[in-house]
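File shown here: protein-v3.cif, holding mmCIF, C-alpha atoms.
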data_run
#
loop_
_atom_site.label_atom_id
_atom_site.label_comp_id
_atom_site.auth_asym_id
_atom_site.auth_seq_id
_atom_site.Cartn_x
_atom_site.Cartn_y
_atom_site.Cartn_z
CA ALA A 76 0.00 0.00 0.00
CA PHE A 77 2.89 2.40 0.70
CA GLY A 78 5.57 1.13 -1.68
CA ALA A 79 9.11 0.02 -0.86
CA GLU A 80 9.70 2.88 1.58
CA GLY A 81 6.53 2.10 3.50
CA LEU A 82 7.40 -1.60 3.55
CA PHE A 83 10.83 -0.78 5.00
CA PHE A 84 9.30 1.24 7.85
CA MET A 85 6.64 -1.42 8.47
CA ILE A 86 9.34 -4.13 8.70
CA LEU A 87 11.38 -1.89 11.00
CA GLY A 88 8.30 -1.30 13.17
CA GLY A 89 7.58 -5.04 13.20
CA LEU A 90 11.16 -5.69 14.27
CA MET A 91 10.82 -3.27 17.18
CA ILE A 92 7.52 -4.84 18.24
CA ASN A 93 9.06 -8.31 18.03
CA LEU A 94 12.06 -7.22 20.10
CA HIS A 95 9.74 -5.67 22.69
CA ASN A 96 7.33 -8.60 22.88
CA PHE A 97 10.02 -11.20 23.35
CA SER A 98 12.27 -9.19 25.68
CA LEU A 99 10.64 -6.56 27.87
CA GLY A 100 7.22 -8.05 27.08
CA THR A 101 8.16 -11.44 28.49
CA MET A 102 9.52 -9.78 31.63
CA THR A 103 6.38 -7.66 31.97
CA ILE A 104 4.01 -10.60 31.53
CA ASN A 105 5.83 -12.44 34.29
CA TYR A 106 5.97 -9.43 36.66
CA GLY A 107 4.31 -10.14 39.97
CA GLY A 108 4.20 -13.86 39.30
CA ASP A 109 4.39 -16.47 42.00
CA VAL A 110 7.83 -17.60 40.88
CA LYS A 111 10.76 -15.28 41.53
CA ILE A 112 13.20 -15.20 38.62
CA SER A 113 16.94 -14.78 38.99
CA ALA A 114 18.91 -12.20 37.00
CA LYS A 115 20.47 -15.02 34.97
CA GLU A 116 17.02 -16.39 34.09
CA ARG A 117 15.82 -12.88 33.13
CA LEU A 118 18.78 -12.50 30.78
CA LYS A 119 18.09 -15.95 29.34
CA ARG A 120 14.46 -15.00 28.70
CA PHE A 121 15.58 -11.70 27.17
CA LEU A 122 17.98 -13.45 24.78
CA ASN A 123 15.48 -15.90 23.30
CA MET A 124 15.22 -17.19 19.74
CA PRO A 125 12.77 -14.55 18.40
CA VAL A 126 15.00 -11.72 19.68
CA ILE A 127 18.15 -13.35 18.31
CA ALA A 128 16.42 -14.08 14.98
CA SER A 129 15.25 -10.45 14.74
CA ILE A 130 18.75 -9.13 15.37
CA VAL A 131 20.33 -11.58 12.92
CA GLY A 132 17.66 -10.84 10.29
CA PHE A 133 18.10 -7.09 10.62
CA SER A 134 21.89 -7.48 10.45
CA ILE A 135 21.55 -9.51 7.25
CA PHE A 136 19.27 -6.80 5.85
CA LEU A 137 21.72 -4.01 6.74
CA ALA A 138 24.68 -5.94 5.33
CA GLU A 139 22.66 -6.65 2.16
CA VAL A 140 23.62 -10.33 2.28
CA GLN A 141 22.11 -12.40 -0.52
CA ILE A 142 20.71 -15.64 0.93
CA PRO A 143 20.86 -18.66 -1.40
CA GLU A 144 17.55 -19.91 -2.79
CA ALA A 145 17.46 -23.26 -0.91
CA PRO A 146 17.63 -21.87 2.66
CA LEU A 147 15.40 -18.97 1.65
CA SER A 148 12.66 -21.34 0.44
CA ILE A 149 12.89 -23.39 3.66
CA ILE A 150 12.61 -20.22 5.77
CA SER A 151 9.68 -19.09 3.61
CA MET A 152 7.86 -22.42 4.08
CA LEU A 153 8.36 -22.24 7.86
CA GLY A 154 7.12 -18.67 7.88
CA ASN A 155 4.04 -19.61 5.85
CA VAL A 156 3.05 -22.29 8.38
CA THR A 157 3.21 -20.03 11.45
CA ILE A 158 0.01 -18.09 10.73
CA PRO A 159 -2.22 -21.16 10.26
CA LEU A 160 -0.73 -22.76 13.39
CA SER A 161 -1.33 -19.54 15.32
CA MET A 162 -4.94 -19.44 14.16
CA ILE A 163 -5.44 -23.07 15.22
CA PHE A 164 -4.05 -22.19 18.66
CA LEU A 165 -6.38 -19.18 18.88
CA GLY A 166 -9.37 -21.28 17.80
CA ILE A 167 -8.64 -23.89 20.47
CA GLN A 168 -8.44 -21.18 23.13
CA LEU A 169 -11.70 -19.55 21.99
CA ALA A 170 -13.59 -22.86 21.68
CA ASP A 171 -14.07 -23.07 25.45
CA GLY A 172 -15.76 -19.68 25.76
CA ASN A 173 -18.84 -18.15 24.27
CA PHE A 174 -19.32 -14.91 22.41
CA ARG A 175 -21.90 -13.48 24.84
CA GLU A 176 -19.52 -13.91 27.76
CA MET A 177 -16.70 -12.31 25.77
CA ALA A 178 -18.84 -9.45 24.48
CA GLY A 179 -20.38 -8.85 27.89
CA LYS A 180 -17.11 -7.93 29.60
CA LYS A 181 -16.59 -4.20 29.89
CA SER A 182 -12.85 -4.72 30.39
CA ASN A 183 -12.55 -6.39 26.98
CA PHE A 184 -14.06 -3.34 25.27
CA ILE A 185 -11.79 -1.00 27.18
CA ILE A 186 -8.86 -2.99 25.77
CA VAL A 187 -10.40 -2.78 22.27
CA LEU A 188 -10.88 0.98 22.64
CA PHE A 189 -7.30 1.51 23.80
CA ARG A 190 -5.77 -0.77 21.18
CA LEU A 191 -7.73 0.44 18.17
CA ALA A 192 -8.36 4.12 18.95
CA ILE A 193 -6.50 5.67 21.88
CA ILE A 194 -3.02 4.20 21.24
CA PRO A 195 -3.07 5.15 17.51
CA ALA A 196 -4.26 8.66 18.43
CA ILE A 197 -1.43 9.07 20.94
CA THR A 198 1.07 7.67 18.40
CA PHE A 199 -0.13 10.11 15.74
CA LEU A 200 0.08 13.03 18.16
CA ILE A 201 3.62 12.13 19.29
CA CYS A 202 4.83 11.60 15.70
CA SER A 203 3.31 14.93 14.66
CA LEU A 204 4.86 16.79 17.61
CA ILE A 205 8.27 15.27 16.93
CA GLY A 206 7.94 16.18 13.26
CA PHE A 207 8.43 12.76 11.71
CA ASP A 208 8.19 12.42 7.96
CA THR A 209 4.63 11.80 6.70
CA ILE A 210 5.25 8.19 5.67
CA VAL A 211 6.82 7.38 9.05
CA THR A 212 3.90 8.97 10.91
CA VAL A 213 1.36 7.07 8.81
CA ILE A 214 3.13 3.71 9.17
CA LEU A 215 3.69 4.05 12.93
CA THR A 216 0.10 5.18 13.52
CA LEU A 217 -1.28 2.39 11.34
CA THR A 218 0.90 -0.18 13.12
CA ALA A 219 -0.29 1.13 16.50
CA GLY A 220 -3.90 0.65 15.36
CA MET A 221 -3.55 -2.99 14.37
CA PRO A 222 -5.33 -5.73 16.33
CA VAL A 223 -3.69 -7.47 19.26
CA ALA A 224 -1.13 -9.93 17.91
CA ILE A 225 -1.47 -13.68 18.29
CA THR A 226 1.69 -13.59 20.41
CA ALA A 227 -0.40 -12.30 23.35
CA PRO A 228 -2.17 -15.60 24.13
CA ILE A 229 0.91 -17.61 23.14
CA LEU A 230 3.07 -15.72 25.66
CA ALA A 231 0.27 -15.95 28.22
CA GLN A 232 0.23 -19.72 27.75
CA GLU A 233 4.01 -19.95 28.06
CA TYR A 234 4.16 -17.87 31.24
CA GLY A 235 1.04 -19.24 32.93
CA ARG A 236 -1.08 -16.12 32.54
CA ASN A 237 -4.65 -15.53 31.36
CA VAL A 238 -4.67 -17.22 27.92
CA LYS A 239 -8.43 -16.83 27.61
CA LEU A 240 -8.21 -13.03 28.00
CA GLY A 241 -5.36 -12.86 25.47
CA SER A 242 -7.33 -14.92 22.96
CA GLN A 243 -10.45 -12.82 23.48
CA CYS A 244 -8.47 -9.62 22.91
CA VAL A 245 -7.02 -10.99 19.66
CA PHE A 246 -10.48 -12.00 18.46
CA LEU A 247 -12.30 -8.81 19.49
CA THR A 248 -9.64 -6.39 18.23
CA THR A 249 -9.48 -8.29 14.94
CA LEU A 250 -13.27 -8.17 14.62
CA PHE A 251 -13.52 -4.45 15.44
CA SER A 252 -10.52 -3.61 13.25
CA LEU A 253 -12.75 -4.34 10.26
CA VAL A 254 -14.37 -1.00 11.13
CA SER A 255 -11.52 0.84 12.86
CA LEU A 256 -8.81 0.32 10.22
CA PRO A 257 -10.80 1.93 7.35
CA ILE A 258 -11.63 4.84 9.68
CA LEU A 259 -7.97 5.14 10.69
CA LEU A 260 -6.86 5.08 7.05
CA TRP A 261 -9.45 7.74 6.19
CA PHE A 262 -8.24 9.90 9.08
CA LEU A 263 -4.59 9.48 8.10
CA ASN A 264 -5.43 10.37 4.50
CA MET A 265 -7.20 13.55 5.65
CA ALA A 266 -4.65 14.53 8.33
CA VAL A 267 -1.37 14.19 6.44
#
Represent the structure from my file as C-alpha cells, please.
Amino acid sequence: AFGAEGLFFMILGGLMINLHNFSLGTMTINYGGDVKISAKERLKRFLNMPVIASIVGFSIFLAEVQIPEAPLSIISMLGNVTIPLSMIFLGIQLADGNFREMAGKKSNFIIVLFRLAIIPAITFLICSLIGFDTIVTVILTLTAGMPVAITAPILAQEYGRNVKLGSQCVFLTTLFSLVSLPILLWFLNMAV
C-alpha cells in the first residue's frame, strides 16, 4: 500500500515490536508472578530465539547479504506455516468460551478501545509533535492501530497467565478492526 519505503518502515516497526514482545514483554508478563526469577534467568528470557532471529535478520538486511535460494525457500515455508498454526491455537483457546460472555465484559471493550483508537491517536500526536516524515507517521500510527497480535495468548500460555483473555483480545480487536482500520486510514489520508 505504501511502496518500498513504506514496507521498509513497516518491517522496522515489526522488528521493534518483536524485540519488545520477546524481551521486555516477556519480563512484563511475568511481573508479579508467583515464581521469583533470577537475574540469569531474566537474561536468558531476554535473549530468546525470536529476539536473536530479529537481530540476525536485521543485520543480514543491513549488510545486504544475498541468501541462497534453498535456505530462503525453507525459511519461507516455515514462515508460511506459522500463521495457520497460530490461528489453530487461537481457535482452540476460543472454543471453550462463548461470544456473549466475551462481548459482555466491559474490560474487553476498554482494551479494544485503547488498542484500536486511543493508542493510535497518541502515536499520531507524538509523531506529529516530533515532526516525523509523513510516511513514518502514517506507518507508525497504522501499526499502532492494528489488532492485538497472536503472540499475546501464546506468551500468556508460556508464562502461565490468562490465555483466555489474550485470545479474546485478539479476536475482538481483529473483529472491530474491520471497522476501525478503514476509519484510521481515512483519518490518516485527511490529516497528512
| said: Please list as a PyMOL selection string every residue within 10 Å of region 160-166 of chain A, counting only C-alpha atoms and excluding residues in the same chain fewer than 2 positions away. | reply: chain A and resi 155-158+168-171+224-226+228-229+238-239+241-243+245-246
| query | Using only C-alpha atoms, which of A:Leu215, A:Trp261, A:Ser252, A:Phe184 sits nearest Phe83 (chain A)? | reply |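 Of all the options, A:Leu215 lies closest to Phe83 (chain A).
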| field | Atom-to-atom span, CA of Leu200 (chain A) and CA of Phe262 (chain A), Å | value | 12.7 Å
| query | Which value, in Å to one decimal, gives the distance between CA of Glu233 (chain A) and CA of Leu99 (chain A)? | reply |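 So the answer is 14.9 Å.
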Would you kindly return, as a short mmCIF file (atom, residue, chain, number, x, y, z; two decimals) with C-alpha atoms, keeping the file's coordinate frame, each protein, DNA or RNA residue with an atom no farther than 12 Å from any atom of Val254 (chain A), considering all atoms listed in the file and excluding same-chain residues fewer than 6 positions away?
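Result saved to around34.cif:
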data_model
loop_
_atom_site.label_atom_id
_atom_site.label_comp_id
_atom_site.auth_asym_id
_atom_site.auth_seq_id
_atom_site.Cartn_x
_atom_site.Cartn_y
_atom_site.Cartn_z
CA VAL A 187 -10.40 -2.78 22.27
CA LEU A 191 -7.73 0.44 18.17
CA ALA A 192 -8.36 4.12 18.95
CA GLY A 220 -3.90 0.65 15.36
CA MET A 221 -3.55 -2.99 14.37
CA PRO A 222 -5.33 -5.73 16.33
CA LEU A 247 -12.30 -8.81 19.49
CA THR A 248 -9.64 -6.39 18.23
CA LEU A 260 -6.86 5.08 7.05
CA TRP A 261 -9.45 7.74 6.19
#
| Between CA of Ala231 (chain A) and CA of Leu118 (chain A) - distance in Å to one decimal | 19.0 Å
| task | Have a look at A:Ser203, A:Arg236, A:Thr212, A:Ile258 and name the one nearest to Met85 (chain A); count only C-alpha atoms. | result | A:Thr212
| message | From the options A:Gln232, A:Met177, A:Val223, A:Gly132, which residue's atoms come nearest to Asn105 (chain A), counting all atoms listed in the file? | response |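 Checking each of A:Gln232, A:Met177, A:Val223, A:Gly132 against Asn105 (chain A), counting all atoms listed in the file, the winner is A:Gln232.
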How big is the axis-aligned box around the listed atoms of region 127-136 of chain A once 5 Å is added on each side, and where is its centre? Give both in Å to one decimal, as JSON.
{"center_x": 18.6, "center_y": -10.4, "center_z": 12.1, "size_x": 16.6, "size_y": 17.3, "size_z": 22.5}
| Pick the closest to Ile197 (chain A) from A:Ala138, A:Ala227, A:Ala219, A:Val126: which is it, counting only C-alpha atoms? | A:Ala219
| said: Calculated over all atoms listed in the file, which of the candidates A:Ser148, A:Gly235, A:Phe199, A:Leu90 has the smallest distance to Ile130 (chain A)? | reply: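 Closest candidate: A:Leu90.
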